[in-house]
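Heads up, the thing below is written out as structure tokens.
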Amino acid sequence: MKVKRTILAPVVVAFFALATGGWLLQRGVEEGRSVYEQSRLFEDVLRQVEMSFVEEFARDSLYRMAINGLLEELGDPHTELMERRQYEELVLQTSGEYGGIGIQIAKRNGWITVVAPLRGTPGERAGLMAGDAIVQVNGESTREWSEDEAVSRLRGPKGEPVEIGIMRAGADEPIPFRIVRDDIVITSVPAAYVMDGGVGYVELSVFSETSVDSLRHAIDRLRDQGATSLILDLRGNPGGVLEAGLAVSDLFLDPGAKLSEIQGRTPQNSQSWTDRVEQPYADLPMAVLVNPFSASAAEIVAGALQDHDRALILGQTSFGKGSVQSLLNLPGGDILKMTTARWLTPSGRSIQGPYGIDADREIREVPQPGLGDPVDPDAQDRLPDNVPTFQTTMGRTVFGGGGIRPDLVVRLDTISTGEQVFVRALNQHGQAYADARFAYAVEVIRQNPGLQRGFTVTGAMLDDFYAALSAADIDLERAVYDAAEVWVTRDLGIEITRRKWNDEAARMRVNLEDVQVRTAAEILRQVTRPVEVFAAADAFKDRRQGNVGAGSGGR
């Protein structure tokens with residue numbers, strides 16, 4: 001959320017005053033030196049650099065470098081100084097008639113990183129994955145880029161291509177992608193259906209202006225079809241419109257319940273939100289799925305429902321994107337975008353995770369096809385030392401430290417060594433595999449007009465697909481391909497289903513083997529009231545620890 005303000009940031013005003021020698025003697029001391037002495041030291045250093053450094057720099061450039069150094073030392077990737085020209089270009093390219101590639105990004109570990117490719121967009125069709133580090137755009141390194149700069153470079157006129165380089169597991173060099181920009185149309189609810197046992201499933205892919213209405217219509221339709229409980233899937237949901245996130249929380253909580261708050265150092269940078277309307281689904285037991293790429297508004301919703309004991313949170317710890325930026329107009333026309341507050345859950349947990357290499361939440365392992373989630377080799381969800389604890393409305397213990405940690409951690413199944421070798425080999429070919437898979441799926445559909453849902457990927461289809469990969473100059477040894485037969489069968493089945501029917505049909509096929517969905521459904525089938533989900537989850541934990549009925553979710 002960006003909060004526009006016209007006041008000046010005190011820290012920057014102070015900086016300009018110090019740099020020019022103004023208002024000196026009334027400010028106390030810092031590390032044994034008065035503000036006067038500190039400002040003189042700064043001027044002395046600047047003067048020596050200006051006069052004697054081996055390379056010549058103009059004084060205005062040195063001041064700009066000093067400001068950038070100050071902001072960099074804050075350790076916050078979202079705080080930056082923009083020239084008026086940069087700001088106007090960003091506004092133009094984010095609000096005008098420009099296209100994009102359809103990805104949500106964040107800066108992690110120094111690199112612009114894909115939080116999630118949005119469904120049905122050029123980035124998703126090209127094969128970009130959550131966790132991909134964008135290291136090049138049109139041949140230029142993104143190492144020092146801010147998120148705003150990356151947005152302005154990735155967006156552009158519809159129909160024009162952008163060339164990007166991606167680093168992911170198994171790639172020794174950046175993987176090239178050439179993606180043609182297009183209008184980005186987001187479907188908030190790409191899948192909603194009733195599973196066995198009356199368990200309703202709704203995938204909420206993003207928070208937009210239409211998300212609340214779409215979600216209500218989906219839930220009402222599922223209840224008419226016999227749903228008696230609900231799985232709300234927020235995995236890979238990168239957030240979006242703040243008001244939509246608050247309104248979604250509103251659907252499941254009672255009037256007067258705190259939804260969330262932002263907390264800054266000053267009253268004007270702090271605010272809280274409470275529920276104002278009766279919830280229409282008070283009798284509906286719920287499980288909410290999150291993963292390391294559930295971010296921002298998705299975390300606000302998950303945190304609110306968890307803190308008020310309204311839903312069981314299941315999956316893997318979320319991304320941890322919970323800071324608020326204000327746009328501050330400075331003298332001379334520059335714009336300071338500065339983090340001024342952090343999002344808190346109702347119990348007081350900060351959603352924002354720490355920055356830096358040690359706190360990097362990206363999982364650089366090989367993804368399961370179609371699941372959109374990373375394999376987690378135990379680094380994710382491990383509780384750090386001295387993690388802060390908080391209490392829910394019912395007195396359950398929940399954990400802080402950034403992101404939303406699930407009540408029940410269920411990690412995805414790993415894939416075999418042979419499958420990993422295969423996928424890493426594919427990574428070297430960038431989007432060529434996604435293009436070849438799409439073309440082959442369309443051909444299968446053309447040749448099989450009577451294809452039915454739940455079809456089997458046959459051995460003959462696998463042979464034909466291998467030939468299609470070879471024709472697309474994707475050179476793979478047949479032994480490497482055969483070792484990944486299970487992976488390819490699943491991946492190809494999902495792609496054909498999506499192109500023959502729609503995203504919902506593809507999600508239904510994925511969910512048949514999704515251990516997180518299956519675990520949530522198993523728990524919900526055992527309860528009739530919302531409050532009972534926590535006892536059912538505890539019973540599941542006990543069975544898992546005793547290896548009784550734990551299934552693959554017990555790993």
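Identifiers for the structure tokens are assigned positionally: chains receive A, B, ... in sequence, residues are indexed from 1 per chain, and ligands are indexed from 1 in the order shown.
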
For this session: Tell me which protein, DNA and RNA residues are within 12 Å of range 446-456 of chain A, counting only C-alpha atoms, leaving out same-chain ones fewer than 3 positions away, and put them as a ChimeraX atom specification.
Result: /A:439-443,459-462,489-490,492-494,496-502,504-506,508-510,512

Problem set entry | DSSP alpha helix (DSSP H) residues within range 395-532 of chain A, listed as a PyMOL selection string | chain A and resi 417-427+432-447+459-471+478-483+485-500+503-511+515-524

Exercise. So which residues touch Thr519 in chain A within 12 Å, counting only C-alpha atoms, skipping near sequence neighbours fewer than 6 positions away, as a ChimeraX atom specification?
Worked result: /A:199,231,287-289,312-315,408-412,511-513,525-526,533,536-537,540-541,544,549-554

Find the residues near Ala106 in chain A: any atom within 7 Å, counting only C-alpha atoms, skip ones fewer than 2 places away on the same chain, and give them as a PDB file with C-alpha atoms, in the first residue's frame.
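Writing done, so here's around04.pdb:
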ATOM      1  CA  ARG A 108      15.353 -10.383  -2.246  1.00  0.00           C
ATOM      2  CA  ILE A 112      14.656  -8.600  -8.379  1.00  0.00           C
ATOM      3  CA  THR A 113      12.782 -11.835  -7.703  1.00  0.00           C
ATOM      4  CA  VAL A 114       9.549 -13.294  -9.051  1.00  0.00           C
ATOM      5  CA  VAL A 115       7.081 -13.648  -6.179  1.00  0.00           C
ATOM      6  CA  GLU A 147      11.501  -2.657  -7.498  1.00  0.00           C
TER       7      GLU A 147
END

Problem set entry | Polymer residues at most 12 Å from Arg178 in chain A, only C-alpha atoms, same-chain spacing of 2 or more positions, as a count of residues only | 29

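Distance annotation: of A:Asp334, A:Glu495, A:Asp132, A:Asp413, the residue with the minimal separation from Arg507 in chain A is A:Glu495; atom set is only C-alpha atoms.
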
Would you kindly return, as a PDB file with C-alpha atoms, in the first residue's frame, each protein, DNA or RNA residue with an atom no farther than 12 Å from any atom of Ser470 in chain A, considering only C-alpha atoms and excluding same-chain residues fewer than 2 positions away?
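Result saved to out.pdb:
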ATOM      1  CA  LEU A 426      15.236 -28.035 -19.195  1.00  0.00           C
ATOM      2  CA  HIS A 429      16.501 -23.923 -22.586  1.00  0.00           C
ATOM      3  CA  ALA A 432      11.549 -23.237 -25.201  1.00  0.00           C
ATOM      4  CA  TYR A 433      10.131 -26.071 -23.080  1.00  0.00           C
ATOM      5  CA  ALA A 436       6.956 -26.847 -26.992  1.00  0.00           C
ATOM      6  CA  ARG A 437       4.629 -28.155 -24.266  1.00  0.00           C
ATOM      7  CA  ASP A 463       7.089 -40.801 -27.067  1.00  0.00           C
ATOM      8  CA  ASP A 464       5.478 -38.148 -29.246  1.00  0.00           C
ATOM      9  CA  PHE A 465       6.259 -35.430 -26.725  1.00  0.00           C
ATOM     10  CA  TYR A 466       9.912 -36.447 -26.639  1.00  0.00           C
ATOM     11  CA  ALA A 467       9.983 -36.130 -30.413  1.00  0.00           C
ATOM     12  CA  ALA A 468       8.344 -32.699 -30.139  1.00  0.00           C
ATOM     13  CA  ALA A 472      12.176 -27.756 -30.811  1.00  0.00           C
ATOM     14  CA  ASP A 473      15.966 -28.141 -30.428  1.00  0.00           C
ATOM     15  CA  ILE A 474      15.645 -29.234 -26.794  1.00  0.00           C
ATOM     16  CA  ASP A 475      18.324 -31.888 -26.748  1.00  0.00           C
ATOM     17  CA  LEU A 476      17.808 -34.463 -23.989  1.00  0.00           C
ATOM     18  CA  GLU A 477      19.152 -37.969 -23.695  1.00  0.00           C
ATOM     19  CA  ARG A 478      16.272 -40.429 -23.796  1.00  0.00           C
ATOM     20  CA  TYR A 481      13.712 -38.127 -20.202  1.00  0.00           C
TER      21      TYR A 481
END

Exercise. Near Gln391 in chain A, counting only C-alpha atoms, which residues have an atom at most 10 Å away, once you skip same-chain residues fewer than 3 positions from it, shown as a PyMOL selection string?
Worked result: chain A and resi 307-308+346-349+394-399

Next, dump the selected residues to file, keeping only C-alpha atoms, as a short mmCIF file (atom, residue, chain, number, x, y, z; two decimals), in the first residue's frame.
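Saved as selection05.cif:
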data_model
loop_
_atom_site.label_atom_id
_atom_site.label_comp_id
_atom_site.auth_asym_id
_atom_site.auth_seq_id
_atom_site.Cartn_x
_atom_site.Cartn_y
_atom_site.Cartn_z
CA ASP A 307 -5.43 -14.58 15.16
CA HIS A 308 -9.21 -14.74 15.56
CA PRO A 346 -4.57 -8.36 15.14
CA SER A 347 -2.40 -10.01 17.81
CA GLY A 348 0.47 -7.61 17.09
CA ARG A 349 2.71 -9.77 14.90
CA MET A 394 -8.83 -18.46 22.03
CA GLY A 395 -5.38 -18.42 23.63
CA ARG A 396 -3.57 -20.49 21.02
CA THR A 397 0.11 -19.68 20.51
CA VAL A 398 1.15 -18.22 17.17
CA PHE A 399 4.61 -17.12 16.11
#

Seminar exercise, completed: For Pro238 in chain A, the closest of A:Pro280, A:Gly320, A:Gly303, A:Gly198 counting only C-alpha atoms is A:Gly320

Problem set entry | Proximity to Arg235 in chain A - best of A:Pro190, A:Pro292, A:Gly256, A:Pro285, only C-alpha atoms | A:Pro292

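Each of A:Ser34, A:Thr345, A:Ser152, A:Ser146 was checked against Glu80 in chain A using only C-alpha atoms; the smallest atom-to-atom distance is that of A:Ser146.
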
Problem set entry | All strand (DSSP E or B) positions in range 270-478 of chain A, as a PyMOL selection string | chain A and resi 271-274+286-290+312-315+323-329+335-344+350+389-391+397-399+408-409

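Shortest separation to Val241 in chain A among A:Ala297, A:Gly264, A:Glu532, A:Leu215 occurs at residue A:Ala297, atoms counted being only C-alpha atoms.
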
Seminar exercise, completed: Restricting to only C-alpha atoms, whichever of A:Glu50, A:Asp254, A:Asp491, A:Asp224 is closest to Val457 in chain A is A:Asp491

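Across the model, the gap from CA of Pro530 in chain A to CA of Asp542 in chain A is 20.1 Å.
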